[in-house]
Number of protein chains: 4
Amino acid sequence: MGLSNGIKIGRMKRGRLNSISDVKGVTVGHFTLAEGPIQTGVTAIKPHQGNLFREKLLAACQVLNGFGKSVGLVQVEELGTLETPILLTNTLSVGRASTALVKEMLDENPEIGDTTGTVNPLVFECNDGYLNDIRALAVEEGHVREALSQCATNFKEGAVGAGRGMKCFGLKGGIGTASRQWDLDGGTYHLGVLVLTNHGCFQDLLIAGKAIGQEFPSPRPREADKGSVITIIATDLPLSSRQLKRLCRRAVVGLSKTGSLMTNGSGEIVLAFSTANRIAHNKIDAFIPLKILYDEDLDLAFQALAESVEEAVLSSLFHAETVTGRKERKLWSLKDWLEQCKSFEK
Amino acid sequence: MGLSNGIKIGRMKRGRLNSISDVKGVTVGHFTLAEGPIQTGVTAIKPHQGNLFREKLLAACQVLNGFGKSVGLVQVEELGTLETPILLTNTLSVGRASTALVKEMLDENPEIGDTTGTVNPLVFECNDGYLNDIRALAVEEGHVREALSQCATNFKEGAVGAGRGMKCFGLKGGIGTASRQWDLDGGTYHLGVLVLTNHGCFQDLLIAGKAIGQEFPSPRPREADKGSVITIIATDLPLSSRQLKRLCRRAVVGLSKTGSLMTNGSGEIVLAFSTANRIAHNKIDAFIPLKILYDEDLDLAFQALAESVEEAVLSSLFHAETVTGRKERKLWSLKDWLEQCKSFEK
Amino acid sequence: MGLSNGIKIGRMKRGRLNSISDVKGVTVGHFTLAEGPIQTGVTAIKPHQGNLFREKLLAACQVLNGFGKSVGLVQVEELGTLETPILLTNTLSVGRASTALVKEMLDENPEIGDTTGTVNPLVFECNDGYLNDIRALAVEEGHVREALSQCATNFKEGAVGAGRGMKCFGLKGGIGTASRQWDLDGGTYHLGVLVLTNHGCFQDLLIAGKAIGQEFPSPRPREADKGSVITIIATDLPLSSRQLKRLCRRAVVGLSKTGSLMTNGSGEIVLAFSTANRIAHNKIDAFIPLKILYDEDLDLAFQALAESVEEAVLSSLFHAETVTGRKERKLWSLKDWLEQCKSFEK
Amino acid sequence: MGLSNGIKIGRMKRGRLNSISDVKGVTVGHFTLAEGPIQTGVTAIKPHQGNLFREKLLAACQVLNGFGKSVGLVQVEELGTLETPILLTNTLSVGRASTALVKEMLDENPEIGDTTGTVNPLVFECNDGYLNDIRALAVEEGHVREALSQCATNFKEGAVGAGRGMKCFGLKGGIGTASRQWDLDGGTYHLGVLVLTNHGCFQDLLIAGKAIGQEFPSPRPREADKGSVITIIATDLPLSSRQLKRLCRRAVVGLSKTGSLMTNGSGEIVLAFSTANRIAHNKIDAFIPLKILYDEDLDLAFQALAESVEEAVLSSLFHAETVTGRKERKLWSLKDWLEQCKSFEK
């Protein structure tokens, strides 16, 4: 997965799959709706393969730009843990995706809402309303369950799942992933990201530092950037929620290098989790033993993150195909557009 | 509305109705479900009577303790505005309430998701799972619409709407309201609050400074406080979103005076809005003229808030009746419990 | 230390000294300037007795109301550690106190600024300008060193050190302390607080729930509350910086119960640290083993905090004597004022 | 000022001076210490030429990475205003610079600390300890006054003032500036930035998208990035403090494009102010009329910011000369190093 076209981002070693699923236990699944004006879907990420509610992971989030409607962040911020799979979908389907995820958790955990407390669903979104008839609220609860059931180590990128209708730098965006790995203190550690890209204007697009958006004509007139980009970060490095938050805040480094200006209308939200420590829902002991990274050793994780985010955004562009949606609107894939540009030149 | 039993909280003058609806344009409606193990509902607050999406209000929010699942805060924090009515319901019904509110907004505004962007639903929650079979997800989309359609200046407090199943200081809690008014610079200004109370242990209950929770036996064994409390603040004072956030952070003053300890499991979240300035969705001009309060004059608003919050919490207790819910669990009303205590003494 | 006059705040057991120094290793020292119009000073808190720079403690801070000039919070927030003693002084002396503390750290640690990085001084302040000629910048670097050298388990409360010139609820405020202890999992844990009180109006004063400020005439006309209150929290409970921040946010519960309204001009800032884990400045290993409290067990710490803060504020009032400062301004001690009131009555 | 070497950053029009002083009223002054092991100084920025304490400006700040010791941020965050000039200096001199700035304000405003409250000095810092004997605390109060008195529209960039000892991408860094201007609604608006650059590793350096740090050998072995970068943003656009904070959060876009990874040890802090509205210290009326930008029109300001920050960082590198400091340590200027590299090749 990730970029496979000879473009090299950064200096660190890619993970084996160059994917968020290089972090052991992480899987991803999609459900895609692609019929005429309905171009949307759901992407699910499972942070580990056990019972997440009973064995939570340390997590953090950061709102880089809050023009967005993602849910579940309040509790992650307070408690520093996540307890459900993570869903991505379109903006107006967040409510239904939340309900579907809650039901899934209720089914799996009969104690929720009965003998223990409730559950905090995590749902992130971008607005795919350019291509997709978002007013139709086409995502149904069954679609969410389907995405969850499809979760696997190998998964598609581009115009699939939640990425189906997304627009990125005026081109077809969607789902992208990438990862890095490095050695530390005798072990090998991984950091992987998955992005849902729906942001940016063509004129600002940078590919590996090259101002592609300035070299080629734009497929579209310059218009306000009303999209968003969601970044999910997974790592097997033992990080505290404070350290995971430090990671989240740096997603912007990779985003910037692809040309994002974090415009007014772009909801840019980041979630990070570590698979290294599990926190039991039911108290085992008053004290929890943790192993946490020494902060100075975060620098390689920060570099891995910057490289992975930059590459994952590009990967979403390289994998997405040209898609036509509502009102016969068409978003060119990066590849198709560049070929189109060459044909102009002739 | 509010306290009418001779108890006096603070020194400021109450609003005419002693209600959040003393702020002109604010209305409240409920839908209540009360059958056997289903003891829950929805409460809706309309911040003004026009089209909220097209004429937004300045707003702010503050998470005092984030063990909660309320939605919509990310965008309020970033943009400093609200654009929908505010809903309160039970924790697991947030998704469905969001969807219902989105649909309501789509119906009212055909441009959303078509020629303009999306909409940010505001839904707050507490966990009524002690009395209510919260796993049944009994709140339906139609119930939300019903609550919205019931919005009026006069409304019930206590075990109604979202407050139906709530437990406060070990007693029956629910919806409470109160307000204060004062003169400034030739005008009269109002601040009103509405609370959804589901927090606290009986032993900690204070009524007008009196340690009632220590004077009387507890209706229930001491147990972990896993509730929450939501505070909605309305004012006609012209405040910026920064100033409204300063208000939000002070809701805790009033909560503390009723005995809240802001325990681990209590999601304490506050939203404030001002009706004094309206922000058009569609740009009229590059610059928006605003009139904003001089910060030193906030002190009376802070006092009005502390008094109103303290009184609104007590009002929720005074208005709620004894309710029996799932598993034959019963929550005494404050009044019934104090009478019960007296009968013990005989 | 703390209240010794029969007033009981809360239900938990007091620590042996009823002081922040019940947390083993914590000591406090003062330097007081009290001559005519100069009524000010410095209070120093040592969080442990070793080399703090080389063995840091987990820490967190929270700005409840940011009308204040305290320094060092940015780094505590980012790294979750403290690495110097904590100083309290008057607002305009923060710069000089910082410099003195930096020099002290440079003397103790020749590696700072040479072979390793710099150091983050922690200095908190309130404005004692009512009684003290704060424009004189009377605090000198030597005074800071003196306060540091005086640090001991036993220390004075009231109008001493940084508290010398402070005004609280219209009366003489200053330094107060209190603590609570409780058993958990076979061990006994302590939480202690030290406050520097310079906030509030007489009319709002509550003592153990009683509206003293309403029962007695005010020693002063009602005026804008331009003071501040600083709260320092120490505990031997093993808490992460996230958990310590949760503690900090709850200091307001205790403050509210004494009548604080967190007015516009009152800088209310909180710092908390735990002595249970030490973080080495020089990397020992890439991973740091920590033991952290299970979050649900925080509730007793929250209660201990609420009780200690309420009691420490009152203790500052009970210990302070009547002081006369610049322009012959006099602040009555609580005791003197109440006696004065009785003499009025006759 | 700014880049004058043919390198073009971005697409927007530069301000006339390409400097923060393109925002009318903004001036900058330096005091430089450059003798043997003492390579440090002070840079002062005056946001307007009137009495800042009595006529405050709307302002905001953002800590991107909080490994830093800057002071004054707490109050800017709460009140959304600044009331003093802004100082930049070395880390351990922050205390003394604060004191000097306080004295300057006391001299100018006899009411401070007497008939009105205190004053909030704004001092930012980076650690110049690689070249400078920072332990010597060589900056004196008189140096601060000198920097303030030197403030002018034209000022030097590079290894001057606070920038004297700074290291950026392994080369000589320091002070840089740049600006952009654009038309809106019949007016011309400006945004200018000034940076103090002390961050980054040579290997990561990007110049206008080109990976210079990979093309040329490093002047220094790869080492932990323990520097920092301070970004000061000025604009004559009428922005609220909320909007100014949105600007601050985007400084990272420009920083990233020069190769910053926001490493663990790099304190990255941003302050922004608008000269468009003045807020009187003494209340004129309970209500303040403001004119504020419509949020969607922020996008050009965001772009101006990204371009200005990227260019200002590069400008600091292009203007700084090679400097030798303590322990005969030498930092090459960018120009000298690239010439050195060419001579290697021969």
# chains A, B, ... in the order shown; residues from 1 in each chain; ligands from 1
>>> closest_atom_pairs(of="range 187-305 of chain D", to="range 72-93 of chain C", cutoff="10 Å", atoms="only C-alpha atoms", output="tab-separated table")
residue	atom	partner	partner_atom	distance
D:Asn264	CA	C:Leu79	CA	9.2
D:Gly267	CA	C:Gln75	CA	8.7
D:Ile269	CA	C:Val74	CA	9.6
>>> write_last_selection(atoms="N, CA and C atoms", output="PDB file, in the first residue's frame")
ATOM      1  N   ASN D 264      10.938  17.533  19.752  1.00  0.00           N
ATOM      2  CA  ASN D 264      10.680  17.583  21.198  1.00  0.00           C
ATOM      3  C   ASN D 264      11.243  18.827  21.867  1.00  0.00           C
ATOM      4  N   GLY D 267      10.950  24.828  21.315  1.00  0.00           N
ATOM      5  CA  GLY D 267       9.810  25.625  21.775  1.00  0.00           C
ATOM      6  C   GLY D 267       9.276  26.471  20.639  1.00  0.00           C
ATOM      7  N   ILE D 269       6.426  28.961  19.562  1.00  0.00           N
ATOM      8  CA  ILE D 269       5.388  29.789  20.165  1.00  0.00           C
ATOM      9  C   ILE D 269       5.079  30.953  19.234  1.00  0.00           C
TER      10      ILE D 269
END
>>> interface_residues(of="chain A", to="chain C", cutoff="7 Å", atoms="only C-alpha atoms", output="list of chain:residue names")
A:Asp185, A:Ala286, A:Phe287, A:Ile288, A:Pro289, A:Leu290, A:Lys291, A:Ile292, A:Leu293, A:Tyr294, A:Asp297
>>> residues_around(residues="Thr197 in chain A", least_positions_apart="5", cutoff="10 Å", atoms="only C-alpha atoms", output="mmCIF file with C-alpha atoms, in the first residue's frame")
data_model
loop_
_atom_site.group_PDB
_atom_site.id
_atom_site.type_symbol
_atom_site.label_atom_id
_atom_site.label_comp_id
_atom_site.auth_asym_id
_atom_site.auth_seq_id
_atom_site.Cartn_x
_atom_site.Cartn_y
_atom_site.Cartn_z
ATOM 1 C CA CYS A 126 -15.496 15.058 5.820
ATOM 2 C CA GLY A 158 -8.396 5.981 -2.965
ATOM 3 C CA ALA A 162 -15.585 7.109 3.357
ATOM 4 C CA GLY A 163 -13.217 8.338 0.654
ATOM 5 C CA MET A 166 -13.971 13.189 -1.386
ATOM 6 C CA LYS A 167 -12.160 15.949 -3.260
ATOM 7 C CA CYS A 168 -8.518 16.742 -2.548
ATOM 8 C CA PHE A 169 -6.576 19.613 -4.158
ATOM 9 C CA LYS A 172 -10.236 12.939 -6.594
ATOM 10 C CA GLY A 173 -9.118 12.297 -3.031
ATOM 11 C CA GLY A 174 -10.140 9.716 -0.461
ATOM 12 C CA ILE A 175 -8.316 7.162 1.669
ATOM 13 C CA GLY A 176 -4.517 7.015 1.861
ATOM 14 C CA GLY A 227 -13.180 20.318 2.627
ATOM 15 C CA SER A 228 -11.448 18.705 5.544
ATOM 16 C CA VAL A 229 -8.828 16.118 6.284
ATOM 17 C CA ILE A 230 -8.916 13.477 8.981
ATOM 18 C CA THR A 231 -5.681 11.879 10.161
ATOM 19 C CA LEU A 255 -0.167 18.089 5.595
ATOM 20 C CA GLU A 268 -8.568 19.206 10.250
ATOM 21 C CA ALA A 312 -0.490 9.059 2.847
ATOM 22 C CA VAL A 313 -2.052 12.213 1.405
ATOM 23 C CA LEU A 314 -0.227 11.664 -1.869
ATOM 24 C CA SER A 316 -4.842 8.930 -1.566
ATOM 25 C CA LEU A 317 -4.394 10.970 -4.753
#
>>> select_by_dssp(residues="range 236-311 of chain A", states="strand (DSSP E or B)", output="list in words")
Gly267, Glu268, Ile269, Val270, Leu271, Ala272, Phe273, Ser274, Thr275, Ala276, Asn277, Arg278, Ile279, Ala280, Phe287, Ile288, Pro289, Leu290, Lys291, Ile292 and Leu293 of chain A
>>> write_last_selection(atoms="N, CA and C atoms", output="compact mmCIF listing (two decimals), in the first residue's frame")
# COMPACT_ATOMS: atom_id res chain seq x y z
N GLY A 267 -12.02 21.28 8.05
CA GLY A 267 -11.94 20.65 9.37
C GLY A 267 -10.76 19.70 9.42
N GLU A 268 -9.77 20.04 10.21
CA GLU A 268 -8.57 19.21 10.25
C GLU A 268 -8.44 18.65 11.65
N ILE A 269 -8.67 17.35 11.77
CA ILE A 269 -8.76 16.71 13.07
C ILE A 269 -7.89 15.46 13.07
N VAL A 270 -7.24 15.21 14.19
CA VAL A 270 -6.26 14.13 14.29
C VAL A 270 -6.55 13.28 15.52
N LEU A 271 -6.44 11.98 15.36
CA LEU A 271 -6.55 11.05 16.49
C LEU A 271 -5.33 10.14 16.45
N ALA A 272 -4.75 9.88 17.61
CA ALA A 272 -3.61 8.96 17.69
C ALA A 272 -3.85 7.95 18.80
N PHE A 273 -3.41 6.72 18.58
CA PHE A 273 -3.47 5.72 19.65
C PHE A 273 -2.23 4.86 19.63
N SER A 274 -1.92 4.32 20.80
CA SER A 274 -0.80 3.40 20.91
C SER A 274 -1.32 2.03 21.31
N THR A 275 -0.81 0.99 20.68
CA THR A 275 -1.25 -0.37 21.00
C THR A 275 -0.40 -0.99 22.11
N ALA A 276 0.53 -0.22 22.67
CA ALA A 276 1.51 -0.83 23.57
C ALA A 276 1.00 -1.11 24.98
N ASN A 277 0.07 -0.31 25.46
CA ASN A 277 -0.48 -0.53 26.80
C ASN A 277 -2.00 -0.72 26.68
N ARG A 278 -2.54 -1.69 27.39
CA ARG A 278 -4.00 -1.83 27.41
C ARG A 278 -4.52 -1.48 28.79
N ILE A 279 -5.62 -0.73 28.84
CA ILE A 279 -6.20 -0.27 30.10
C ILE A 279 -7.52 -1.01 30.29
N ALA A 280 -7.59 -1.82 31.33
CA ALA A 280 -8.80 -2.61 31.56
C ALA A 280 -9.97 -1.72 31.95
N PHE A 287 -3.67 0.62 41.01
CA PHE A 287 -2.56 1.21 40.25
C PHE A 287 -2.27 0.44 38.97
N ILE A 288 -2.02 1.17 37.92
CA ILE A 288 -1.77 0.57 36.62
C ILE A 288 -0.29 0.75 36.28
N PRO A 289 0.41 -0.34 36.01
CA PRO A 289 1.81 -0.19 35.62
C PRO A 289 1.88 0.17 34.13
N LEU A 290 2.66 1.19 33.80
CA LEU A 290 2.82 1.61 32.40
C LEU A 290 4.31 1.71 32.08
N LYS A 291 4.63 1.55 30.81
CA LYS A 291 5.98 1.81 30.34
C LYS A 291 5.81 2.91 29.31
N ILE A 292 6.53 4.00 29.47
CA ILE A 292 6.32 5.18 28.63
C ILE A 292 7.66 5.63 28.03
N LEU A 293 7.62 6.12 26.80
CA LEU A 293 8.84 6.57 26.14
C LEU A 293 9.43 7.81 26.82
>>> atom_distance(atom1="CA of Arg14 in chain D", atom2="CA of Glu215 in chain D")
28.9 Å
>>> residues_around(residues="Asp107 in chain C", least_positions_apart="5", cutoff="12 Å", atoms="only C-alpha atoms", output="PyMOL selection string")
(chain C and resi 51+53+100-102+112-113+145) or (chain D and resi 135-136)
>>> select_by_dssp(residues="range 102-309 of chain B", states="helix (DSSP H, G or I)", output="PyMOL selection string")
chain B and resi 102-108+134-136+141-149+161-163+202-204+212-215+241-249+251-257+295-309
>>> residues_around(residues="Val193 in chain C", least_positions_apart="5", cutoff="9 Å", atoms="only C-alpha atoms", output="JSON, numbers by chain")
{"C": [19, 20, 21, 176, 177, 178, 179, 231, 232, 233, 234, 235, 272, 305, 308, 309, 312]}
>>> residues_around(residues="range 338-346 of chain A", least_positions_apart="6", cutoff="10 Å", atoms="only C-alpha atoms", output="PyMOL selection string")
chain A and resi 212+216-219+332
>>> write_last_selection(atoms="all heavy atoms", output="PDB file, in the first residue's frame")
ATOM      1  N   ILE A 212       3.453  21.191  -8.231  1.00  0.00           N
ATOM      2  CA  ILE A 212       2.655  20.625  -9.329  1.00  0.00           C
ATOM      3  C   ILE A 212       1.465  21.522  -9.647  1.00  0.00           C
ATOM      4  O   ILE A 212       1.111  21.749 -10.801  1.00  0.00           O
ATOM      5  CB  ILE A 212       2.159  19.207  -8.935  1.00  0.00           C
ATOM      6  CG1 ILE A 212       3.344  18.262  -8.767  1.00  0.00           C
ATOM      7  CG2 ILE A 212       1.153  18.664  -9.951  1.00  0.00           C
ATOM      8  CD1 ILE A 212       4.165  18.029 -10.002  1.00  0.00           C
ATOM      9  N   PHE A 216       0.946  22.863 -13.660  1.00  0.00           N
ATOM     10  CA  PHE A 216      -0.127  22.372 -14.520  1.00  0.00           C
ATOM     11  C   PHE A 216      -1.372  23.247 -14.364  1.00  0.00           C
ATOM     12  O   PHE A 216      -1.572  23.852 -13.303  1.00  0.00           O
ATOM     13  CB  PHE A 216      -0.464  20.919 -14.164  1.00  0.00           C
ATOM     14  CG  PHE A 216       0.650  19.985 -14.487  1.00  0.00           C
ATOM     15  CD1 PHE A 216       1.655  19.718 -13.559  1.00  0.00           C
ATOM     16  CD2 PHE A 216       0.729  19.383 -15.748  1.00  0.00           C
ATOM     17  CE1 PHE A 216       2.703  18.862 -13.868  1.00  0.00           C
ATOM     18  CE2 PHE A 216       1.774  18.524 -16.048  1.00  0.00           C
ATOM     19  CZ  PHE A 216       2.767  18.265 -15.111  1.00  0.00           C
ATOM     20  N   PRO A 217      -2.206  23.289 -15.381  1.00  0.00           N
ATOM     21  CA  PRO A 217      -3.449  24.038 -15.245  1.00  0.00           C
ATOM     22  C   PRO A 217      -4.364  23.339 -14.239  1.00  0.00           C
ATOM     23  O   PRO A 217      -4.300  22.131 -14.057  1.00  0.00           O
ATOM     24  CB  PRO A 217      -4.053  23.996 -16.655  1.00  0.00           C
ATOM     25  CG  PRO A 217      -3.409  22.838 -17.331  1.00  0.00           C
ATOM     26  CD  PRO A 217      -2.046  22.671 -16.722  1.00  0.00           C
ATOM     27  N   SER A 218      -5.210  24.104 -13.612  1.00  0.00           N
ATOM     28  CA  SER A 218      -6.114  23.547 -12.620  1.00  0.00           C
ATOM     29  C   SER A 218      -7.309  22.900 -13.309  1.00  0.00           C
ATOM     30  O   SER A 218      -7.831  23.429 -14.289  1.00  0.00           O
ATOM     31  CB  SER A 218      -6.604  24.653 -11.690  1.00  0.00           C
ATOM     32  OG  SER A 218      -7.619  24.169 -10.857  1.00  0.00           O
ATOM     33  N   PRO A 219      -7.761  21.761 -12.800  1.00  0.00           N
ATOM     34  CA  PRO A 219      -8.953  21.140 -13.369  1.00  0.00           C
ATOM     35  C   PRO A 219     -10.206  21.939 -13.038  1.00  0.00           C
ATOM     36  O   PRO A 219     -11.273  21.693 -13.595  1.00  0.00           O
ATOM     37  CB  PRO A 219      -8.997  19.767 -12.698  1.00  0.00           C
ATOM     38  CG  PRO A 219      -8.198  19.904 -11.455  1.00  0.00           C
ATOM     39  CD  PRO A 219      -7.175  20.974 -11.719  1.00  0.00           C
ATOM     40  N   TRP A 332     -11.396  14.543 -11.511  1.00  0.00           N
ATOM     41  CA  TRP A 332     -10.316  13.819 -12.160  1.00  0.00           C
ATOM     42  C   TRP A 332      -9.411  13.166 -11.117  1.00  0.00           C
ATOM     43  O   TRP A 332      -9.112  13.746 -10.084  1.00  0.00           O
ATOM     44  CB  TRP A 332      -9.438  14.787 -12.960  1.00  0.00           C
ATOM     45  CG  TRP A 332     -10.098  15.387 -14.160  1.00  0.00           C
ATOM     46  CD1 TRP A 332     -10.765  16.578 -14.221  1.00  0.00           C
ATOM     47  CD2 TRP A 332     -10.136  14.825 -15.470  1.00  0.00           C
ATOM     48  NE1 TRP A 332     -11.215  16.807 -15.492  1.00  0.00           N
ATOM     49  CE2 TRP A 332     -10.848  15.744 -16.284  1.00  0.00           C
ATOM     50  CE3 TRP A 332      -9.651  13.648 -16.056  1.00  0.00           C
ATOM     51  CZ2 TRP A 332     -11.076  15.514 -17.643  1.00  0.00           C
ATOM     52  CZ3 TRP A 332      -9.881  13.429 -17.399  1.00  0.00           C
ATOM     53  CH2 TRP A 332     -10.593  14.342 -18.185  1.00  0.00           C
TER      54      TRP A 332
END
>>> residues_around(residues="Met262 in chain D", least_positions_apart="4", cutoff="9 Å", atoms="only C-alpha atoms", output="number ranges by chain")
A: 250, 253, 299, 302; D: 64-65, 199-200, 225, 228, 252, 255-256, 266-268
>>> decode(residues="range 69-81 of chain D", atoms="N, CA, C and O atoms", output="CSV table (one decimal), in the first residue's frame")
chain,number,residue,atom,x,y,z
D,69,LYS,N,10.0,29.0,27.6
D,69,LYS,CA,9.9,29.8,28.8
D,69,LYS,C,9.4,31.2,28.6
D,69,LYS,O,9.6,32.1,29.4
D,70,SER,N,8.7,31.4,27.5
D,70,SER,CA,8.2,32.7,27.2
D,70,SER,C,7.2,33.1,28.2
D,70,SER,O,6.5,32.2,28.8
D,71,VAL,N,7.0,34.4,28.5
D,71,VAL,CA,6.1,34.9,29.5
D,71,VAL,C,5.0,35.8,29.0
D,71,VAL,O,5.3,36.5,28.0
D,72,GLY,N,3.9,35.9,29.7
D,72,GLY,CA,2.8,36.8,29.3
D,72,GLY,C,1.7,36.2,28.6
D,72,GLY,O,0.7,36.8,28.3
D,73,LEU,N,1.8,34.9,28.2
D,73,LEU,CA,0.8,34.3,27.4
D,73,LEU,C,-0.5,34.0,28.1
D,73,LEU,O,-1.6,34.0,27.5
D,74,VAL,N,-0.5,33.8,29.4
D,74,VAL,CA,-1.7,33.4,30.2
D,74,VAL,C,-2.7,34.6,30.0
D,74,VAL,O,-3.9,34.3,29.7
D,75,GLN,N,-2.3,35.8,30.2
D,75,GLN,CA,-3.2,36.9,30.2
D,75,GLN,C,-3.7,37.2,28.7
D,75,GLN,O,-4.9,37.6,28.5
D,76,VAL,N,-2.8,37.1,27.8
D,76,VAL,CA,-3.2,37.3,26.4
D,76,VAL,C,-4.3,36.3,26.0
D,76,VAL,O,-5.3,36.7,25.4
D,77,GLU,N,-4.2,35.1,26.5
D,77,GLU,CA,-5.1,34.0,26.2
D,77,GLU,C,-6.5,34.4,26.8
D,77,GLU,O,-7.5,34.2,26.2
D,78,GLU,N,-6.5,34.9,28.0
D,78,GLU,CA,-7.7,35.2,28.7
D,78,GLU,C,-8.4,36.4,28.2
D,78,GLU,O,-9.6,36.4,28.0
D,79,LEU,N,-7.7,37.5,28.1
D,79,LEU,CA,-8.3,38.8,27.8
D,79,LEU,C,-8.3,39.1,26.3
D,79,LEU,O,-9.0,40.0,25.9
D,80,GLY,N,-7.4,38.4,25.5
D,80,GLY,CA,-7.4,38.7,24.1
D,80,GLY,C,-6.8,40.1,23.8
D,80,GLY,O,-7.1,40.6,22.7
D,81,THR,N,-5.9,40.6,24.6
D,81,THR,CA,-5.3,41.9,24.3
D,81,THR,C,-3.8,41.8,24.8
D,81,THR,O,-3.4,41.0,25.6
